[in-house]
>>> print(open('protein-v3.cif').read())   # mmCIF, C-alpha atoms
data_upload
loop_
_atom_site.label_atom_id
_atom_site.label_comp_id
_atom_site.auth_asym_id
_atom_site.auth_seq_id
_atom_site.Cartn_x
_atom_site.Cartn_y
_atom_site.Cartn_z
CA MET A 1 32.59 27.49 33.45
CA ILE A 2 29.54 26.10 31.68
CA LEU A 3 27.49 23.15 32.90
CA ASP A 4 24.27 21.57 31.68
CA LEU A 5 22.35 21.46 34.95
CA HIS A 6 19.41 19.34 33.80
CA LEU A 7 19.51 16.04 31.92
CA HIS A 8 18.48 12.43 32.19
CA SER A 9 20.24 9.15 31.56
CA GLU A 10 18.93 5.60 31.17
CA ARG A 11 18.30 5.58 34.91
CA SER A 12 15.25 7.78 34.28
CA ASP A 13 12.20 5.87 33.06
CA ASP A 14 11.83 8.06 29.96
CA SER A 15 15.44 8.17 28.76
CA ARG A 16 17.72 5.60 27.19
CA ALA A 17 20.83 7.79 27.07
CA PRO A 18 24.02 6.27 28.48
CA VAL A 19 26.11 8.81 30.38
CA GLU A 20 29.15 8.09 28.23
CA ALA A 21 27.13 8.83 25.11
CA TYR A 22 26.56 12.36 26.45
CA MET A 23 30.30 12.73 26.86
CA LYS A 24 30.97 11.64 23.29
CA ILE A 25 28.46 14.05 21.86
CA LEU A 26 29.86 16.97 23.85
CA GLN A 27 33.34 16.07 22.73
CA ARG A 28 32.24 16.00 19.09
CA LYS A 29 30.10 19.15 19.33
CA ARG A 30 32.58 21.22 21.26
CA ALA A 31 32.63 24.01 18.66
CA GLU A 32 28.84 24.44 19.00
CA ARG A 33 28.37 23.76 22.71
CA ALA A 34 31.49 24.46 24.72
CA LEU A 35 30.47 22.80 27.95
CA ASP A 36 32.70 21.85 30.85
CA GLY A 37 30.37 19.26 32.32
CA ILE A 38 26.90 17.97 33.09
CA VAL A 39 24.66 17.35 36.06
CA LEU A 40 22.45 14.26 35.92
CA THR A 41 18.97 14.93 37.32
CA GLU A 42 17.17 11.60 37.22
CA HIS A 43 13.42 11.50 37.74
CA ARG A 44 12.21 10.80 41.26
CA GLN A 45 15.35 9.05 42.45
CA PHE A 46 18.89 9.55 43.63
CA ASP A 47 21.60 6.91 43.76
CA PRO A 48 24.50 8.09 45.93
CA SER A 49 26.67 5.20 44.76
CA ARG A 50 26.97 6.45 41.19
CA ASP A 51 30.61 7.11 40.45
CA PHE A 52 31.61 9.03 37.34
CA ARG A 53 35.27 9.59 38.11
CA ASP A 54 36.44 7.27 35.37
CA LEU A 55 34.34 9.06 32.75
CA GLU A 56 35.42 12.44 34.10
CA ASP A 57 39.07 11.47 33.71
CA ARG A 58 38.59 10.02 30.23
CA TYR A 59 36.65 12.94 28.84
CA GLY A 60 38.01 15.80 30.90
CA MET A 61 34.55 16.88 32.03
CA VAL A 62 32.74 17.33 35.32
CA ILE A 63 29.83 14.92 35.89
CA LEU A 64 27.71 15.55 38.94
CA ASN A 65 24.70 13.73 40.37
CA ALA A 66 21.43 15.44 41.34
CA ALA A 67 17.69 14.70 41.04
CA GLU A 68 14.44 15.99 39.57
CA ILE A 69 11.51 15.63 41.97
CA GLU A 70 7.81 16.37 41.71
CA THR A 71 5.99 18.66 44.11
CA ASP A 72 2.63 20.35 44.56
CA TYR A 73 4.14 23.39 42.79
CA GLY A 74 5.61 21.44 39.88
CA HIS A 75 8.99 19.89 39.28
CA MET A 76 12.20 20.89 41.01
CA LEU A 77 15.86 20.04 40.63
CA VAL A 78 17.63 19.11 43.84
CA PHE A 79 21.36 19.73 44.04
CA GLY A 80 23.50 18.60 46.96
CA VAL A 81 21.43 15.53 47.78
CA ASN A 82 22.78 13.87 50.91
CA ALA A 83 21.69 11.18 53.35
CA ASP A 84 19.74 13.67 55.47
CA ILE A 85 17.76 14.88 52.49
CA LEU A 86 17.04 11.32 51.36
CA ALA A 87 15.86 10.44 54.85
CA ARG A 88 13.64 13.51 54.99
CA PHE A 89 11.93 13.20 51.57
CA ASP A 90 10.68 10.22 49.54
CA PHE A 91 11.76 11.16 46.01
CA THR A 92 9.23 8.74 44.51
CA ASP A 93 6.35 10.82 45.91
CA VAL A 94 4.88 12.91 43.08
CA ARG A 95 3.13 15.29 45.50
CA LEU A 96 5.94 16.46 47.74
CA PRO A 97 5.11 19.67 49.66
CA ALA A 98 7.04 22.31 47.76
CA GLN A 99 7.50 24.82 50.58
CA GLU A 100 8.87 22.13 52.88
CA VAL A 101 11.10 20.90 50.06
CA VAL A 102 12.63 24.34 49.45
CA THR A 103 13.04 25.18 53.12
CA GLU A 104 14.20 21.83 54.45
CA ILE A 105 16.57 20.99 51.61
CA SER A 106 18.26 24.32 52.11
CA ARG A 107 18.51 23.68 55.83
CA LEU A 108 19.96 20.22 55.19
CA GLY A 109 22.73 21.49 52.93
CA GLY A 110 21.29 21.27 49.45
CA ILE A 111 19.20 23.49 47.22
CA ALA A 112 15.90 22.88 45.40
CA LEU A 113 15.21 24.99 42.32
CA PRO A 114 12.04 24.98 40.21
CA CYS A 115 12.66 23.67 36.70
CA HIS A 116 10.79 24.35 33.46
CA PRO A 117 8.60 26.84 35.35
CA GLY A 118 6.73 27.84 32.20
CA ARG A 119 5.47 24.34 31.47
CA PRO A 120 1.75 23.56 31.94
CA ASN A 121 0.82 21.55 35.02
CA VAL A 122 4.37 20.88 36.16
CA GLY A 123 5.79 24.41 36.05
CA LEU A 124 5.84 27.04 38.78
CA CYS A 125 4.01 29.66 36.70
CA ALA A 126 0.89 27.50 36.46
CA HIS A 127 0.78 27.03 40.22
CA TYR A 128 1.43 30.69 41.02
CA GLU A 129 -1.86 31.46 39.25
CA SER A 130 -3.75 30.04 42.20
CA LYS A 131 -1.30 29.51 45.05
CA SER A 132 0.82 31.70 47.28
CA THR A 133 4.46 32.50 46.58
CA LEU A 134 7.05 30.00 47.72
CA GLU A 135 9.49 31.44 50.22
CA GLY A 136 13.18 30.83 49.71
CA VAL A 137 13.29 30.21 45.97
CA VAL A 138 16.63 31.52 44.74
CA ALA A 139 16.61 30.72 41.05
CA VAL A 140 14.43 29.18 38.36
CA GLU A 141 15.25 27.48 35.08
CA ALA A 142 15.00 30.34 32.60
CA LEU A 143 16.06 28.23 29.64
CA ASN A 144 14.97 24.61 29.25
CA GLY A 145 15.87 22.68 26.10
CA GLY A 146 12.46 20.99 26.05
CA SER A 147 10.41 24.17 26.21
CA LYS A 148 7.58 24.63 23.77
CA LYS A 149 6.53 27.92 22.21
CA GLY A 150 5.76 30.58 24.75
CA GLU A 151 7.13 28.76 27.78
CA ASP A 152 10.45 30.62 27.93
CA ALA A 153 8.61 33.94 27.61
CA ARG A 154 6.39 33.05 30.58
CA VAL A 155 9.49 32.32 32.60
CA ALA A 156 11.13 35.60 31.62
CA GLU A 157 8.05 37.40 32.95
CA LEU A 158 8.19 35.36 36.18
CA ILE A 159 11.84 36.30 36.69
CA ARG A 160 11.11 39.97 36.07
CA GLU A 161 8.22 39.97 38.54
CA ARG A 162 9.88 37.97 41.32
CA GLY A 163 13.53 38.85 40.94
CA TYR A 164 14.67 35.24 40.77
CA ALA A 165 18.13 34.35 39.53
CA ALA A 166 18.18 32.31 36.35
CA TYR A 167 19.83 29.09 35.22
CA GLY A 168 19.62 26.86 32.16
CA GLY A 169 19.52 23.18 31.33
CA SER A 170 18.88 20.99 28.32
CA ASP A 171 16.41 18.62 30.01
CA ALA A 172 17.90 16.12 27.56
CA HIS A 173 16.39 12.66 27.40
CA LEU A 174 18.04 11.97 24.06
CA VAL A 175 21.77 12.07 23.60
CA SER A 176 21.77 14.66 20.83
CA PHE A 177 20.01 17.27 23.00
CA VAL A 178 22.71 17.54 25.65
CA GLY A 179 23.95 21.05 26.25
CA MET A 180 21.32 22.82 24.15
CA CYS A 181 20.79 25.06 27.16
CA ALA A 182 23.21 25.36 30.03
CA THR A 183 24.39 27.53 32.91
CA GLU A 184 27.51 29.68 33.09
CA PHE A 185 29.42 30.30 36.30
CA ASP A 186 32.26 32.72 36.94
CA ARG A 187 34.15 30.40 39.23
CA GLU A 188 35.32 26.86 38.66
CA ILE A 189 32.93 24.11 39.72
CA ARG A 190 34.71 20.88 40.62
CA CYS A 191 32.23 19.24 42.98
CA MET A 192 28.64 19.47 44.14
CA ASP A 193 29.54 21.67 47.10
CA ASP A 194 30.97 24.24 44.68
CA LEU A 195 27.80 24.10 42.59
CA VAL A 196 25.44 24.45 45.56
CA GLY A 197 27.45 27.40 46.81
CA GLU A 198 27.21 29.29 43.53
CA LEU A 199 23.52 28.48 43.07
CA ARG A 200 22.67 29.62 46.60
CA ALA A 201 24.36 32.91 45.86
CA GLY A 202 22.50 33.21 42.58
CA LYS A 203 25.83 33.54 40.79
CA CYS A 204 24.77 31.92 37.56
CA ARG A 205 23.31 32.81 34.19
CA PRO A 206 21.63 30.74 31.50
CA VAL A 207 23.34 30.08 28.18
CA ASP A 208 21.46 29.24 25.00
CA PHE A 209 23.24 27.03 22.46
CA ARG A 210 20.09 26.14 20.54
CA GLN A 211 20.76 28.44 17.60
CA ARG A 212 24.43 27.82 17.19
CA ARG A 213 25.45 25.63 14.31
CA VAL A 214 28.97 25.19 13.00
CA ALA A 215 29.30 24.37 9.33
CA MET B 216 -3.19 6.56 43.77
CA GLU B 217 -2.33 3.99 46.37
CA PHE B 218 -0.45 0.97 45.04
CA ASP B 219 -0.17 -2.34 46.81
CA ARG B 220 3.52 -2.77 46.17
CA SER B 221 3.46 -6.32 47.51
CA ILE B 222 2.37 -7.51 44.05
CA ILE B 223 5.67 -6.36 42.56
CA GLY B 224 7.94 -9.21 41.59
CA ARG B 225 5.39 -11.90 42.33
CA GLU B 226 4.77 -14.32 39.47
CA TYR B 227 1.12 -14.24 38.42
CA ASP B 228 1.26 -16.36 35.28
CA ARG B 229 3.45 -18.86 33.47
CA ALA B 230 3.15 -20.55 30.10
CA ASP B 231 5.08 -22.87 27.81
CA SER B 232 5.13 -22.70 24.04
CA GLU B 233 5.11 -25.34 21.36
CA ALA B 234 8.47 -26.07 19.77
CA VAL B 235 9.64 -23.27 17.48
CA VAL B 236 9.91 -24.20 13.81
CA ALA B 237 12.27 -22.75 11.24
CA GLU B 238 9.46 -21.55 9.00
CA GLU B 239 8.03 -19.19 11.59
CA LEU B 240 11.43 -17.73 12.43
CA ILE B 241 12.07 -17.07 8.74
CA ALA B 242 8.59 -15.70 8.11
CA PHE B 243 8.92 -13.25 11.01
CA ALA B 244 12.34 -12.05 9.92
CA LYS B 245 11.19 -11.40 6.39
CA ALA B 246 8.05 -9.68 7.62
CA VAL B 247 10.13 -7.12 9.52
CA GLY B 248 12.34 -6.53 6.49
CA GLU B 249 15.36 -8.43 7.72
CA THR B 250 17.74 -9.72 5.04
CA ALA B 251 20.66 -11.17 7.01
CA PRO B 252 20.99 -14.91 6.18
CA CYS B 253 21.25 -15.93 9.81
CA TYR B 254 17.63 -14.86 10.24
CA THR B 255 16.18 -15.67 6.80
CA GLU B 256 17.83 -18.87 5.57
CA ASP B 257 17.10 -22.33 6.92
CA GLY B 258 20.06 -24.26 8.16
CA PRO B 259 22.19 -24.95 11.25
CA ASP B 260 22.98 -21.25 11.72
CA LEU B 261 19.35 -20.06 11.69
CA VAL B 262 18.35 -18.04 14.76
CA GLY B 263 15.30 -15.99 15.58
CA HIS B 264 15.38 -12.25 14.92
CA PRO B 265 15.98 -10.42 18.25
CA THR B 266 12.43 -9.06 18.34
CA PHE B 267 10.85 -12.46 17.66
CA CYS B 268 10.72 -12.89 21.42
CA LEU B 269 8.00 -10.21 21.62
CA ARG B 270 5.41 -12.70 20.41
CA TYR B 271 5.66 -14.61 23.68
CA ARG B 272 3.49 -13.84 26.64
CA GLY B 273 1.60 -15.80 29.24
CA ARG B 274 -2.06 -16.71 29.11
CA LYS B 275 -2.93 -13.22 30.30
CA PHE B 276 -1.13 -9.91 29.92
CA PHE B 277 -2.11 -8.36 33.27
CA PRO B 278 -2.51 -9.86 36.71
CA ASP B 279 -5.95 -10.05 38.27
CA ASN B 280 -4.89 -7.81 41.16
CA LEU B 281 -3.84 -4.64 39.37
CA PRO B 282 -4.70 -1.51 41.39
CA LYS B 283 -8.46 -1.09 41.03
CA GLY B 284 -8.14 2.63 40.36
CA LEU B 285 -6.61 1.83 36.98
CA LEU B 286 -9.59 -0.08 35.64
CA GLY B 287 -11.59 1.87 33.10
CA ARG B 288 -8.92 4.53 32.64
CA MET B 289 -7.45 5.35 29.28
CA SER B 290 -4.21 3.50 28.69
CA PHE B 291 -1.62 2.93 26.02
CA ASP B 292 1.56 1.03 25.41
CA ALA B 293 4.37 3.31 26.52
CA GLY B 294 7.15 1.18 25.08
CA LYS B 295 9.11 -1.95 25.74
CA ASP B 296 12.60 -2.66 26.97
CA LEU B 297 14.31 -5.85 25.86
CA ASP B 298 17.24 -7.51 27.55
CA LEU B 299 18.31 -10.32 25.26
CA GLY B 300 20.00 -13.57 26.21
CA VAL B 301 20.65 -16.57 23.99
CA PRO B 302 18.98 -16.52 20.58
CA ILE B 303 15.89 -18.58 19.82
CA ARG B 304 16.56 -21.56 17.56
CA PRO B 305 14.33 -24.08 15.78
CA GLY B 306 13.16 -26.70 18.25
CA ASP B 307 13.29 -24.38 21.29
CA ARG B 308 10.39 -24.43 23.72
CA ILE B 309 9.96 -21.07 25.38
CA HIS B 310 8.81 -20.74 28.97
CA VAL B 311 7.30 -17.40 30.01
CA SER B 312 7.03 -16.18 33.58
CA SER B 313 5.03 -12.98 34.16
CA CYS B 314 5.15 -10.50 37.01
CA VAL B 315 4.49 -6.85 37.70
CA HIS B 316 7.96 -5.32 37.75
CA ASP B 317 7.11 -1.78 38.75
CA LEU B 318 4.26 0.58 39.57
CA TYR B 319 4.80 4.31 39.69
CA GLU B 320 3.26 7.69 39.13
CA LYS B 321 4.65 10.74 37.43
CA THR B 322 3.41 14.14 36.35
CA GLY B 323 3.91 15.87 33.04
CA ARG B 324 2.58 18.63 30.78
CA SER B 325 -0.69 16.84 30.33
CA GLY B 326 -1.20 15.95 33.97
CA SER B 327 -0.78 12.90 36.15
CA MET B 328 0.03 9.46 34.79
CA SER B 329 0.28 6.03 36.35
CA PHE B 330 2.62 3.42 34.95
CA VAL B 331 2.52 -0.35 35.21
CA VAL B 332 5.55 -2.29 34.04
CA VAL B 333 4.72 -5.91 33.26
CA ARG B 334 7.78 -8.13 32.94
CA PHE B 335 7.92 -11.32 30.89
CA THR B 336 10.95 -13.47 31.56
CA LEU B 337 11.66 -15.98 28.81
CA THR B 338 13.78 -19.09 29.19
CA ASN B 339 14.28 -22.07 26.90
CA GLN B 340 14.05 -25.78 27.57
CA SER B 341 17.63 -25.77 28.90
CA GLY B 342 16.81 -23.06 31.41
CA GLU B 343 18.89 -20.49 29.52
CA HIS B 344 17.80 -16.86 29.62
CA VAL B 345 16.29 -15.92 26.28
CA ALA B 346 14.89 -12.48 27.02
CA THR B 347 13.45 -10.18 29.62
CA ILE B 348 10.73 -7.97 28.22
CA ASP B 349 9.49 -5.00 30.22
CA ASN B 350 6.15 -3.74 28.89
CA ARG B 351 5.41 -0.21 30.08
CA MET B 352 1.70 0.67 30.17
CA MET B 353 0.58 4.22 30.90
CA TYR B 354 -2.78 5.06 32.47
CA ARG B 355 -4.39 8.46 32.67
#
>>> encode(input="protein-v3.cif", output="structure tokens")
Amino acid sequence: MILDLHLHSERSDDSRAPVEAYMKILQRKRAERALDGIVLTEHRQFDPSRDFRDLEDRYGMVILNAAEIETDYGHMLVFGVNADILARFDFTDVRLPAQEVVTEISRLGGIALPCHPGRPNVGLCAHYESKSTLEGVVAVEALNGGSKKGEDARVAELIRERGYAAYGGSDAHLVSFVGMCATEFDREIRCMDDLVGELRAGKCRPVDFRQRRVA
Amino acid sequence: MEFDRSIIGREYDRADSEAVVAEELIAFAKAVGETAPCYTEDGPDLVGHPTFCLRYRGRKFFPDNLPKGLLGRMSFDAGKDLDLGVPIRPGDRIHVSSCVHDLYEKTGRSGSMSFVVVRFTLTNQSGEHVATIDNRMMYR
């Protein structure tokens, strides 16, 4: 099963992509990017009332709801956001304490994973140059659809050094970029609990659709 | 940066325009390359191009009580969001109410950024909603 674990809709301040537009593109581009679903990771917010069941039924895809937050070690994706996590952390804070985020979110039933770790300023690699290793990091985003030259290579080195598991995401803010990078799982993912379980076990691998074009 | 979030949503300026005339609606439409007759030909069906509303603002763009830490910092227009209501027609008088809609920080490749979203709410002489314009300004 293949999911794009990292993308933004019009709820994020820097995207204007309607969720249904992502569905339409994936439907049309199925030969190039054979995804089974997406996970919305809006910037610095989480709305538990978002309901995608109608879209899921219409398009036959899984649509899950997560968040991208900002910490003192860069950005992280938070999967399995629940009321306890929202009460514990203010997602609008751009300087959340990363070690507390990783540890507490895991304790509270979710998982926080560094994203675009090779990116300057907001990636884990930059912070590891001067700070101690974060305990409890299971996986990092090995493939990010918005990566610039050299960033993926930095991440590959990080993964080799630290033994992290790897996942992928498009980081799409524009509709056409959905699914450029994604994550493959061996078991079926039907809900967020399934996803958190597989991520915690590191049972995932990144998939790169950026070079695939169908004539 | 510490923001006084109590300024959010509070009107800090209001202004009323002179009556819109057909000539300025037509001139604007042609200037932006529009060719549709409803925007470029005088008559009972003439309406203002959707982006004509962007010319309206209050007497000042920013409130006097923006966070002091923003003053003197580099800034640029980070885009506008328009929510359109009824079209503007010749003879309309546009009322503009201004407020700070949002203040937030984010981090990116190039470092930290602060954003101020200034909202102009436009109504016509009948109280109908003409447009809501969110102006996003980025400070570094």
>>> atom_distance(input="protein-v3.cif", atom1="CA of Ser221 in chain B", atom2="CA of Asp279 in chain B")
13.7 Å
>>> resolve_selection(input="protein-v3.cif", expression="the PyMOL selection byres ((chain B and resi 312) around 8)", output="list of chain:residue names")
B:Glu226, B:Tyr227, B:Asp228, B:Arg229, B:Ala230, B:Gly273, B:His310, B:Val311, B:Ser313, B:Cys314, B:Phe335, B:Thr336, B:Leu337
>>> closest_residue(input="protein-v3.cif", among="B:Gly287, B:Pro252, B:Gly300, B:Pro278", to="Thr266 in chain B", atoms="only C-alpha atoms")
B:Gly300
>>> resolve_selection(input="protein-v3.cif", expression="the PyMOL selection byres ((chain A and resi 98) around 7)", output="NGL selection string")
:A and (71-73 or 96-97 or 99-102)
>>> residues_around(input="protein-v3.cif", residues="Asp292 in chain B", least_positions_apart="3", cutoff="8 Å", atoms="all atoms listed in the file", output="PyMOL selection string")
chain B and resi 350-353
>>> resolve_selection(input="protein-v3.cif", expression="the PyMOL selection byres ((chain A) within 8 of (chain B))", output="JSON, numbers by chain")
{"A": [70, 92, 94, 119, 120, 121, 122]}
>>> write_last_selection(input="protein-v3.cif", atoms="C-alpha atoms", output="tab-separated table (two decimals), keeping the file's coordinate frame")
chain	number	residue	atom	x	y	z
A	70	GLU	CA	7.81	16.37	41.71
A	92	THR	CA	9.23	8.74	44.51
A	94	VAL	CA	4.88	12.91	43.08
A	119	ARG	CA	5.47	24.34	31.47
A	120	PRO	CA	1.75	23.56	31.94
A	121	ASN	CA	0.82	21.55	35.02
A	122	VAL	CA	4.37	20.88	36.16
>>> atom_distance(input="protein-v3.cif", atom1="CA of Ile111 in chain A", atom2="CA of Arg200 in chain A")
7.1 Å
>>> atom_distance(input="protein-v3.cif", atom1="CA of Gly110 in chain A", atom2="CA of Ser15 in chain A")
25.2 Å
>>> closest_residue(input="protein-v3.cif", among="B:His264, B:Val235, B:Phe276, B:Leu318", to="Ile223 in chain B", atoms="all atoms listed in the file")
B:Leu318
>>> closest_atom_pairs(input="protein-v3.cif", of="range 38-62 of chain A", to="range 161-170 of chain A", cutoff="12 Å", atoms="only C-alpha atoms", output="Markdown table")
| residue | atom | partner | partner_atom | distance |
| --- | --- | --- | --- | --- |
| A:Ile38 | CA | A:Gly169 | CA | 9.2 |
| A:Val39 | CA | A:Gly169 | CA | 9.1 |
| A:Leu40 | CA | A:Gly169 | CA | 10.5 |
| A:Thr41 | CA | A:Gly169 | CA | 10.2 |
>>> closest_residue(input="protein-v3.cif", among="B:Pro282, B:Gly258, B:Gly342, B:Pro265", to="Ile222 in chain B", atoms="only C-alpha atoms")
B:Pro282
>>> residues_near_point(input="protein-v3.cif", point="(17.6, 24.8, 51.3)", cutoff="12 Å", atoms="only C-alpha atoms", output="number ranges by chain")
A: 77-81, 85, 98-113, 135-139, 196-197, 199-201
>>> write_last_selection(input="protein-v3.cif", atoms="C-alpha atoms", output="PDB file, in the coordinates of the input")
ATOM      1  CA  LEU A  77      15.860  20.040  40.630  1.00  0.00           C
ATOM      2  CA  VAL A  78      17.630  19.110  43.840  1.00  0.00           C
ATOM      3  CA  PHE A  79      21.360  19.730  44.040  1.00  0.00           C
ATOM      4  CA  GLY A  80      23.500  18.600  46.960  1.00  0.00           C
ATOM      5  CA  VAL A  81      21.430  15.530  47.780  1.00  0.00           C
ATOM      6  CA  ILE A  85      17.760  14.880  52.490  1.00  0.00           C
ATOM      7  CA  ALA A  98       7.040  22.310  47.760  1.00  0.00           C
ATOM      8  CA  GLN A  99       7.500  24.820  50.580  1.00  0.00           C
ATOM      9  CA  GLU A 100       8.870  22.130  52.880  1.00  0.00           C
ATOM     10  CA  VAL A 101      11.100  20.900  50.060  1.00  0.00           C
ATOM     11  CA  VAL A 102      12.630  24.340  49.450  1.00  0.00           C
ATOM     12  CA  THR A 103      13.040  25.180  53.120  1.00  0.00           C
ATOM     13  CA  GLU A 104      14.200  21.830  54.450  1.00  0.00           C
ATOM     14  CA  ILE A 105      16.570  20.990  51.610  1.00  0.00           C
ATOM     15  CA  SER A 106      18.260  24.320  52.110  1.00  0.00           C
ATOM     16  CA  ARG A 107      18.510  23.680  55.830  1.00  0.00           C
ATOM     17  CA  LEU A 108      19.960  20.220  55.190  1.00  0.00           C
ATOM     18  CA  GLY A 109      22.730  21.490  52.930  1.00  0.00           C
ATOM     19  CA  GLY A 110      21.290  21.270  49.450  1.00  0.00           C
ATOM     20  CA  ILE A 111      19.200  23.490  47.220  1.00  0.00           C
ATOM     21  CA  ALA A 112      15.900  22.880  45.400  1.00  0.00           C
ATOM     22  CA  LEU A 113      15.210  24.990  42.320  1.00  0.00           C
ATOM     23  CA  GLU A 135       9.490  31.440  50.220  1.00  0.00           C
ATOM     24  CA  GLY A 136      13.180  30.830  49.710  1.00  0.00           C
ATOM     25  CA  VAL A 137      13.290  30.210  45.970  1.00  0.00           C
ATOM     26  CA  VAL A 138      16.630  31.520  44.740  1.00  0.00           C
ATOM     27  CA  ALA A 139      16.610  30.720  41.050  1.00  0.00           C
ATOM     28  CA  VAL A 196      25.440  24.450  45.560  1.00  0.00           C
ATOM     29  CA  GLY A 197      27.450  27.400  46.810  1.00  0.00           C
ATOM     30  CA  LEU A 199      23.520  28.480  43.070  1.00  0.00           C
ATOM     31  CA  ARG A 200      22.670  29.620  46.600  1.00  0.00           C
ATOM     32  CA  ALA A 201      24.360  32.910  45.860  1.00  0.00           C
TER      33      ALA A 201
END
>>> residues_near_point(input="protein-v3.cif", point="(2.5, -14.0, 14.4)", cutoff="12 Å", atoms="all atoms listed in the file", output="list in words")
Glu238, Glu239, Leu240, Ile241, Ala242, Phe243, Ala244, Ala246, Val247, Thr266, Phe267, Cys268, Leu269, Arg270 and Tyr271 of chain B
>>> write_last_selection(input="protein-v3.cif", atoms="C-alpha atoms", output="compact mmCIF listing (two decimals), in the frame of the given file")
# COMPACT_ATOMS: atom_id res chain seq x y z
CA GLU B 238 9.46 -21.55 9.00
CA GLU B 239 8.03 -19.19 11.59
CA LEU B 240 11.43 -17.73 12.43
CA ILE B 241 12.07 -17.07 8.74
CA ALA B 242 8.59 -15.70 8.11
CA PHE B 243 8.92 -13.25 11.01
CA ALA B 244 12.34 -12.05 9.92
CA ALA B 246 8.05 -9.68 7.62
CA VAL B 247 10.13 -7.12 9.52
CA THR B 266 12.43 -9.06 18.34
CA PHE B 267 10.85 -12.46 17.66
CA CYS B 268 10.72 -12.89 21.42
CA LEU B 269 8.00 -10.21 21.62
CA ARG B 270 5.41 -12.70 20.41
CA TYR B 271 5.66 -14.61 23.68
>>> residues_around(input="protein-v3.cif", residues="Leu143 in chain A", least_positions_apart="5", cutoff="12 Å", atoms="all atoms listed in the file", output="mmCIF file with C-alpha atoms, in the coordinates of the input")
data_model
loop_
_atom_site.group_PDB
_atom_site.id
_atom_site.type_symbol
_atom_site.label_atom_id
_atom_site.label_comp_id
_atom_site.auth_asym_id
_atom_site.auth_seq_id
_atom_site.Cartn_x
_atom_site.Cartn_y
_atom_site.Cartn_z
ATOM 1 C CA ASP A 4 24.270 21.570 31.680
ATOM 2 C CA LEU A 5 22.350 21.460 34.950
ATOM 3 C CA HIS A 6 19.410 19.340 33.800
ATOM 4 C CA PRO A 114 12.040 24.980 40.210
ATOM 5 C CA CYS A 115 12.660 23.670 36.700
ATOM 6 C CA HIS A 116 10.790 24.350 33.460
ATOM 7 C CA PRO A 117 8.600 26.840 35.350
ATOM 8 C CA GLY A 118 6.730 27.840 32.200
ATOM 9 C CA ARG A 119 5.470 24.340 31.470
ATOM 10 C CA LYS A 148 7.580 24.630 23.770
ATOM 11 C CA GLY A 150 5.760 30.580 24.750
ATOM 12 C CA GLU A 151 7.130 28.760 27.780
ATOM 13 C CA ASP A 152 10.450 30.620 27.930
ATOM 14 C CA ALA A 153 8.610 33.940 27.610
ATOM 15 C CA ARG A 154 6.390 33.050 30.580
ATOM 16 C CA VAL A 155 9.490 32.320 32.600
ATOM 17 C CA ALA A 156 11.130 35.600 31.620
ATOM 18 C CA ILE A 159 11.840 36.300 36.690
ATOM 19 C CA ALA A 165 18.130 34.350 39.530
ATOM 20 C CA ALA A 166 18.180 32.310 36.350
ATOM 21 C CA TYR A 167 19.830 29.090 35.220
ATOM 22 C CA GLY A 168 19.620 26.860 32.160
ATOM 23 C CA GLY A 169 19.520 23.180 31.330
ATOM 24 C CA SER A 170 18.880 20.990 28.320
ATOM 25 C CA ASP A 171 16.410 18.620 30.010
ATOM 26 C CA GLY A 179 23.950 21.050 26.250
ATOM 27 C CA MET A 180 21.320 22.820 24.150
ATOM 28 C CA CYS A 181 20.790 25.060 27.160
ATOM 29 C CA ALA A 182 23.210 25.360 30.030
ATOM 30 C CA THR A 183 24.390 27.530 32.910
ATOM 31 C CA ARG A 205 23.310 32.810 34.190
ATOM 32 C CA PRO A 206 21.630 30.740 31.500
ATOM 33 C CA VAL A 207 23.340 30.080 28.180
ATOM 34 C CA ASP A 208 21.460 29.240 25.000
ATOM 35 C CA PHE A 209 23.240 27.030 22.460
ATOM 36 C CA ARG A 210 20.090 26.140 20.540
#
>>> closest_residue(input="protein-v3.cif", among="A:Lys149, A:Ser132, A:Phe185, A:Tyr59", to="Arg28 in chain A", atoms="all atoms listed in the file")
A:Tyr59
